[in-house]
$ cat my_file06.txt   # compact mmCIF, C-alpha atoms
# COMPACT_ATOMS: atom_id res chain seq x y z
CA MET A 6 85.74 -37.40 -57.87
CA SER A 7 85.73 -40.91 -59.32
CA THR A 8 85.18 -44.08 -57.26
CA THR A 9 88.83 -45.05 -57.76
CA GLU A 10 90.09 -41.64 -56.52
CA ALA A 11 87.77 -41.77 -53.54
CA THR A 12 89.00 -45.30 -52.66
CA VAL A 13 92.67 -44.30 -52.87
CA ASP A 14 92.01 -41.23 -50.77
CA GLU A 15 90.38 -43.29 -48.04
CA VAL A 16 93.22 -45.78 -47.50
CA CYS A 17 96.66 -45.48 -45.94
CA ALA A 18 99.22 -44.78 -48.65
CA SER A 19 101.69 -47.14 -46.99
CA CYS A 20 99.89 -50.21 -45.65
CA GLY A 21 96.63 -49.84 -47.56
CA ILE A 22 94.36 -50.06 -44.55
CA ALA A 23 90.97 -48.41 -45.09
CA GLY A 24 89.86 -45.61 -42.85
CA GLY A 25 86.62 -45.67 -40.89
CA GLY A 26 86.32 -49.47 -40.92
CA ASP A 27 85.24 -51.82 -38.15
CA ASP A 28 88.27 -50.83 -36.10
CA ASP A 29 87.42 -47.16 -36.64
CA THR A 30 90.84 -46.34 -38.12
CA LYS A 31 91.37 -42.62 -38.56
CA LEU A 32 93.54 -41.52 -41.44
CA LYS A 33 95.42 -38.23 -41.45
CA ARG A 34 96.54 -36.33 -44.54
CA CYS A 35 100.17 -35.47 -45.21
CA GLY A 36 100.60 -32.13 -43.49
CA ALA A 37 102.76 -30.68 -46.28
CA CYS A 38 100.91 -31.54 -49.50
CA GLY A 39 97.60 -33.08 -48.43
CA LEU A 40 97.73 -35.58 -51.31
CA VAL A 41 97.84 -38.82 -49.33
CA ARG A 42 96.68 -40.19 -45.99
CA TYR A 43 98.34 -42.33 -43.33
CA CYS A 44 97.06 -44.42 -40.46
CA GLY A 45 99.98 -43.49 -38.26
CA LEU A 46 103.44 -42.00 -37.95
CA LYS A 47 105.15 -45.33 -38.64
CA CYS A 48 103.48 -45.71 -42.04
CA GLN A 49 104.22 -42.09 -42.90
CA LYS A 50 107.95 -42.56 -42.21
CA GLU A 51 108.08 -45.82 -44.19
CA HIS A 52 106.32 -44.24 -47.17
CA ARG A 53 108.41 -41.04 -47.11
CA PRO A 54 111.09 -42.13 -49.65
CA GLU A 55 108.39 -43.02 -52.19
CA HIS A 56 106.26 -39.93 -51.52
CA LYS A 57 109.02 -37.34 -51.10
CA SER A 58 109.29 -36.28 -54.77
CA ALA A 59 105.53 -35.87 -55.32
CA CYS A 60 105.20 -34.10 -51.97
CA LYS A 61 107.85 -31.48 -52.79
CA LYS A 62 106.31 -30.88 -56.22
CA ARG A 63 102.86 -30.30 -54.76
CA VAL A 64 104.23 -28.02 -52.01
CA ALA A 65 105.88 -25.86 -54.70
CA GLU A 66 102.59 -25.73 -56.64
CA LEU A 67 100.68 -24.66 -53.53
CA ARG A 68 103.25 -21.96 -52.84
CA ASP A 69 102.93 -20.59 -56.37
CA GLU A 70 99.14 -20.64 -56.18
CA LEU A 71 99.26 -18.61 -52.98
CA LEU A 72 101.98 -16.27 -54.26
CA PHE A 73 100.42 -15.42 -57.62
CA LYS A 74 96.73 -15.62 -56.75
CA GLN A 75 94.94 -12.35 -57.48
CA PRO A 76 92.78 -11.01 -54.64
CA GLU A 77 89.08 -10.88 -55.39
CA SER A 78 89.03 -7.14 -54.78
CA THR A 79 90.18 -4.32 -52.51
CA HIS A 80 88.51 -1.33 -50.90
CA LEU A 81 89.70 0.62 -53.97
CA GLY A 82 87.57 -1.57 -56.23
CA ASP A 83 88.51 -2.91 -59.67
CA CYS A 84 89.95 -1.10 -62.67
CA PRO A 85 86.97 -0.37 -64.97
CA ILE A 86 89.01 -1.35 -68.04
CA CYS A 87 90.93 -4.55 -67.23
CA LEU A 88 88.62 -5.45 -64.31
CA LEU A 89 91.59 -6.43 -62.10
CA PRO A 90 91.76 -5.23 -58.48
CA ILE A 91 93.33 -1.79 -58.07
CA PRO A 92 96.80 -2.34 -56.49
CA LEU A 93 97.15 -1.28 -52.87
CA ALA A 94 99.71 1.39 -52.05
CA THR A 95 102.04 1.11 -49.07
CA SER A 96 102.87 4.82 -49.21
CA GLN A 97 102.06 7.91 -51.27
CA HIS A 98 105.07 7.02 -53.43
CA THR A 99 103.74 3.60 -54.49
CA ILE A 100 100.30 4.57 -55.78
CA ARG A 101 99.65 2.60 -58.97
CA TYR A 102 96.43 4.15 -60.18
CA THR A 103 95.02 7.48 -61.36
CA MET A 104 91.61 9.04 -60.87
CA GLN A 105 90.50 10.59 -64.15
CA SER A 106 89.25 14.15 -63.63
CA CYS A 107 86.69 13.91 -66.45
CA CYS A 108 84.75 10.81 -65.35
CA SER A 109 86.14 10.04 -61.85
CA LYS A 110 87.08 6.53 -62.94
CA VAL A 111 90.04 5.07 -61.05
CA VAL A 112 92.22 3.42 -63.70
CA CYS A 113 95.26 1.25 -62.96
CA ASP A 114 98.65 2.34 -64.28
CA GLY A 115 98.78 -0.65 -66.63
CA CYS A 116 95.69 0.44 -68.55
CA THR A 117 96.85 4.06 -68.51
CA HIS A 118 100.18 3.00 -70.02
CA ALA A 119 98.45 0.83 -72.66
CA ASN A 120 96.31 3.81 -73.67
CA SER A 121 99.42 6.01 -73.92
CA LEU A 122 101.07 3.46 -76.23
CA ARG A 123 97.95 3.36 -78.41
CA GLU A 124 97.95 7.13 -78.73
CA SER A 125 101.67 7.24 -79.43
CA GLU A 126 101.54 4.59 -82.15
CA GLY A 127 98.50 6.20 -83.79
CA ARG A 128 99.74 9.74 -83.27
CA LEU A 129 96.52 10.52 -81.46
CA PRO A 130 95.88 13.36 -78.99
CA PRO A 131 95.99 12.32 -75.32
CA THR A 132 92.61 11.25 -73.95
CA CYS A 133 91.12 9.60 -70.89
CA PRO A 134 91.74 5.84 -71.11
CA PHE A 135 88.13 5.18 -70.09
CA CYS A 136 85.80 7.78 -71.64
CA ARG A 137 88.20 9.16 -74.30
CA THR A 138 87.64 12.76 -73.19
CA PRO A 139 90.66 14.96 -74.04
CA VAL A 140 92.96 15.34 -71.06
CA PRO A 141 92.95 18.75 -69.33
CA HIS A 142 95.63 21.20 -70.42
CA SER A 143 96.40 22.40 -66.90
CA ASP A 144 96.04 21.50 -63.23
CA ALA A 145 93.45 24.25 -62.89
CA GLU A 146 91.31 22.67 -65.60
CA ALA A 147 91.66 19.24 -63.98
CA GLU A 148 90.61 20.74 -60.65
CA ARG A 149 87.51 22.28 -62.25
CA ASN A 150 86.60 18.95 -63.79
CA LYS A 151 86.91 17.18 -60.44
CA MET A 152 84.81 19.78 -58.65
CA LYS A 153 82.13 19.47 -61.34
CA ARG A 154 81.96 15.76 -60.57
CA ALA A 155 81.85 16.45 -56.84
CA ALA A 156 79.04 18.99 -57.38
CA VAL A 157 76.83 16.25 -58.84
CA ASN A 158 77.59 14.01 -55.83
CA ASP A 159 80.04 11.66 -57.49
CA PRO A 160 81.29 9.69 -54.42
CA VAL A 161 84.76 9.07 -55.89
CA ALA A 162 85.20 12.76 -56.70
CA LEU A 163 83.99 13.69 -53.20
CA GLY A 164 86.52 11.32 -51.61
CA ASP A 165 89.31 12.74 -53.74
CA ALA A 166 88.29 16.32 -52.93
CA GLY A 167 88.44 15.44 -49.25
CA MET A 168 91.92 14.01 -49.58
CA ARG A 169 93.19 17.10 -51.40
CA ARG A 170 91.70 19.36 -48.70
CA PHE A 171 93.35 17.25 -46.02
CA VAL A 172 96.79 17.48 -47.65
CA VAL A 173 96.70 21.29 -47.58
CA GLY A 174 95.52 21.37 -43.96
CA ASP A 175 91.82 22.15 -44.45
CA TYR A 176 90.68 19.32 -42.16
CA ALA A 177 87.13 20.54 -41.58
CA SER A 178 86.37 20.64 -45.32
CA ALA A 179 88.15 17.33 -45.86
CA ILE A 180 86.01 15.54 -43.32
CA GLU A 181 82.83 17.09 -44.70
CA TYR A 182 83.67 15.70 -48.14
CA TRP A 183 84.55 12.29 -46.68
CA GLU A 184 81.37 12.10 -44.66
CA LYS A 185 79.28 12.95 -47.73
CA ALA A 186 81.13 10.37 -49.84
CA ALA A 187 80.65 7.69 -47.18
CA GLY A 188 76.97 8.56 -46.93
CA LEU A 189 76.67 7.79 -50.66
CA GLY A 190 78.04 4.32 -50.07
CA THR A 191 81.62 4.50 -51.30
CA LEU A 192 84.71 2.99 -49.66
CA ASN A 193 87.15 4.27 -52.26
CA ARG A 194 89.39 5.35 -49.40
CA THR A 195 89.50 3.42 -46.15
CA ILE A 196 89.77 6.62 -44.14
CA THR A 197 86.45 7.82 -45.59
CA TYR A 198 84.46 5.22 -43.73
CA ARG A 199 86.45 5.57 -40.52
CA VAL A 200 85.92 9.33 -40.35
CA TYR A 201 82.24 8.89 -41.18
CA LYS A 202 81.85 6.22 -38.50
CA ARG A 203 83.58 8.06 -35.66
CA GLY A 204 82.47 11.64 -36.39
CA THR A 205 83.73 14.52 -34.24
CA TRP A 206 85.98 12.39 -32.03
CA CYS A 207 87.91 11.18 -35.07
CA ARG A 208 88.10 14.72 -36.47
CA ASN A 209 89.64 16.12 -33.29
CA LYS A 210 92.16 13.31 -33.01
CA LEU A 211 93.11 13.51 -36.69
CA GLU A 212 93.84 17.23 -36.35
CA LYS A 213 95.79 16.62 -33.15
CA VAL A 214 98.00 13.95 -34.72
CA HIS A 215 98.68 16.05 -37.81
CA LEU A 216 99.42 19.28 -35.96
CA SER A 217 101.60 17.61 -33.32
CA SER A 218 103.84 16.22 -36.05
CA GLY A 219 105.27 19.66 -36.70
CA THR A 220 106.82 20.99 -39.88
CA GLY A 221 107.21 18.47 -42.68
CA CYS A 222 104.44 16.20 -41.44
CA ASP A 223 103.94 13.07 -43.56
CA TRP A 224 100.21 13.11 -44.27
CA TRP A 225 100.27 9.41 -45.25
CA SER A 226 101.43 8.52 -41.72
CA CYS A 227 98.48 10.47 -40.34
CA ILE A 228 96.12 8.51 -42.56
CA CYS A 229 97.61 5.21 -41.38
CA LYS A 230 97.22 6.28 -37.75
CA ALA A 231 93.62 7.28 -38.33
CA GLN A 232 92.88 3.90 -39.90
CA SER A 233 93.98 2.15 -36.70
CA TRP A 234 91.53 4.06 -34.47
CA VAL A 235 88.55 1.98 -35.55
CA ASP A 236 88.44 -1.83 -35.69
$ encode --input "my_file06.txt" --output "C-alpha cells"
Amino acid sequence: MSTTEATVDEVCASCGIAGGGDDDTKLKRCGACGLVRYCGLKCQKEHRPEHKSACKKRVAELRDELLFKQPESTHLGDCPICLLPIPLATSQHTIRYTMQSCCSKVVCDGCTHANSLRESEGRLPPTCPFCRTPVPHSDAEAERNKMKRAAVNDPVALGDAGMRRFVVGDYASAIEYWEKAAGLGTLNRTITYRVYKRGTWCRNKLEKVHLSSGTGCDWWSCICKAQSWVD
C-alpha cells in the first residue's frame, strides 16, 4: 500500500480528521463496503450521497467474489485432470463425478464429457479419461477391475467397494471395507471416517436406521444420518 493510500485510509472520508491522533479519534469502516472510514455517524450520513454509488458497486463485487469463488477443496479431493474440487452431491441423483474402474481415479463430469467429445471427433474407441485404458465392456468387467484395485489396497477402490456392499444390504462387509480404507488415510467418503472412528457402536446404529426404514429405504438418507452421529 502506498503512503497516499495509507493516509486516505486513516482519515475520515467526510471531515478529513485523522484517526489515532492526540484526541485518540477512532475511525470505523463503512459496514457495507469497507472502502472508507468515518469518525462518527454524523459524518457517515453527510458523506452518504457522495459515497453511495461507489459503495453499491463494491458491495456487488464482494457478492460476486463470494458467489463464484471456488472452494480450496472438499473431502472428495480434486479432479486429477482439471485439478478443480470435485463437486459435492446433495443426493445420489446429483453426483457429478465418476470413479474409473481401471485406475480408481475420481474424475469430474466435465473432464469425462471433454474426453467423450475428443473420442467422438477423432472417431476413437472409448477410454478412461485419465489413464486411457479401454473402458470395460460390461458391468461384470468393471466390477472385476474395481476389486483388483481393492485387492492391492487402493483406498478409493476400498471405499467404493464398501459403498456398493452397503447399498445391497451387506453392512458388515461394507464397514470392513470402510475401516480398511480409513486406515490407509483416505477421506474419499465422509462416512468412511465416521464409521472408522466410532466402530461397533456406529455399525449397530447404521444397521438399525437402515432396517427400521422398511421397504424402499433411501440409502442416501441413512448415510446423511450416520454423518450426523459424530461431530
$ atom_distance --input "my_file06.txt" --atom1 "CA of Ala59 in chain A" --atom2 "CA of Arg42 in chain A"
13.6 Å
$ atom_distance --input "my_file06.txt" --atom1 "CA of Arg149 in chain A" --atom2 "CA of Pro131 in chain A"
18.5 Å
$ residues_around --input "my_file06.txt" --residues "Met104 in chain A" --least-positions-apart "3" --cutoff "10 Å" --atoms "only C-alpha atoms" --output "count of residues only"
11
$ residues_around --input "my_file06.txt" --residues "Gly45 in chain A" --least-positions-apart "3" --cutoff "9 Å" --atoms "all atoms listed in the file" --output "ChimeraX atom specification"
/A:17,31-33,48-50
$ atom_distance --input "my_file06.txt" --atom1 "CA of Cys87 in chain A" --atom2 "CA of Pro134 in chain A"
11.1 Å
$ closest_residue --input "my_file06.txt" --among "A:Ala65, A:Met168, A:Ile91, A:Leu189" --to "Glu77 in chain A" --atoms "only C-alpha atoms"
A:Ile91
$ closest_residue --input "my_file06.txt" --among "A:Leu122, A:Val64, A:Val173, A:Leu88" --to "Cys35 in chain A" --atoms "all atoms listed in the file"
A:Val64
$ closest_residue --input "my_file06.txt" --among "A:Val140, A:Val41, A:Cys60, A:Met152" --to "Gly164 in chain A" --atoms "only C-alpha atoms"
A:Met152
$ residues_around --input "my_file06.txt" --residues "Cys133 in chain A" --least-positions-apart "2" --cutoff "12 Å" --atoms "only C-alpha atoms" --output "PyMOL selection string"
chain A and resi 86+103-112+116-121+123-124+129-131+135-141+147
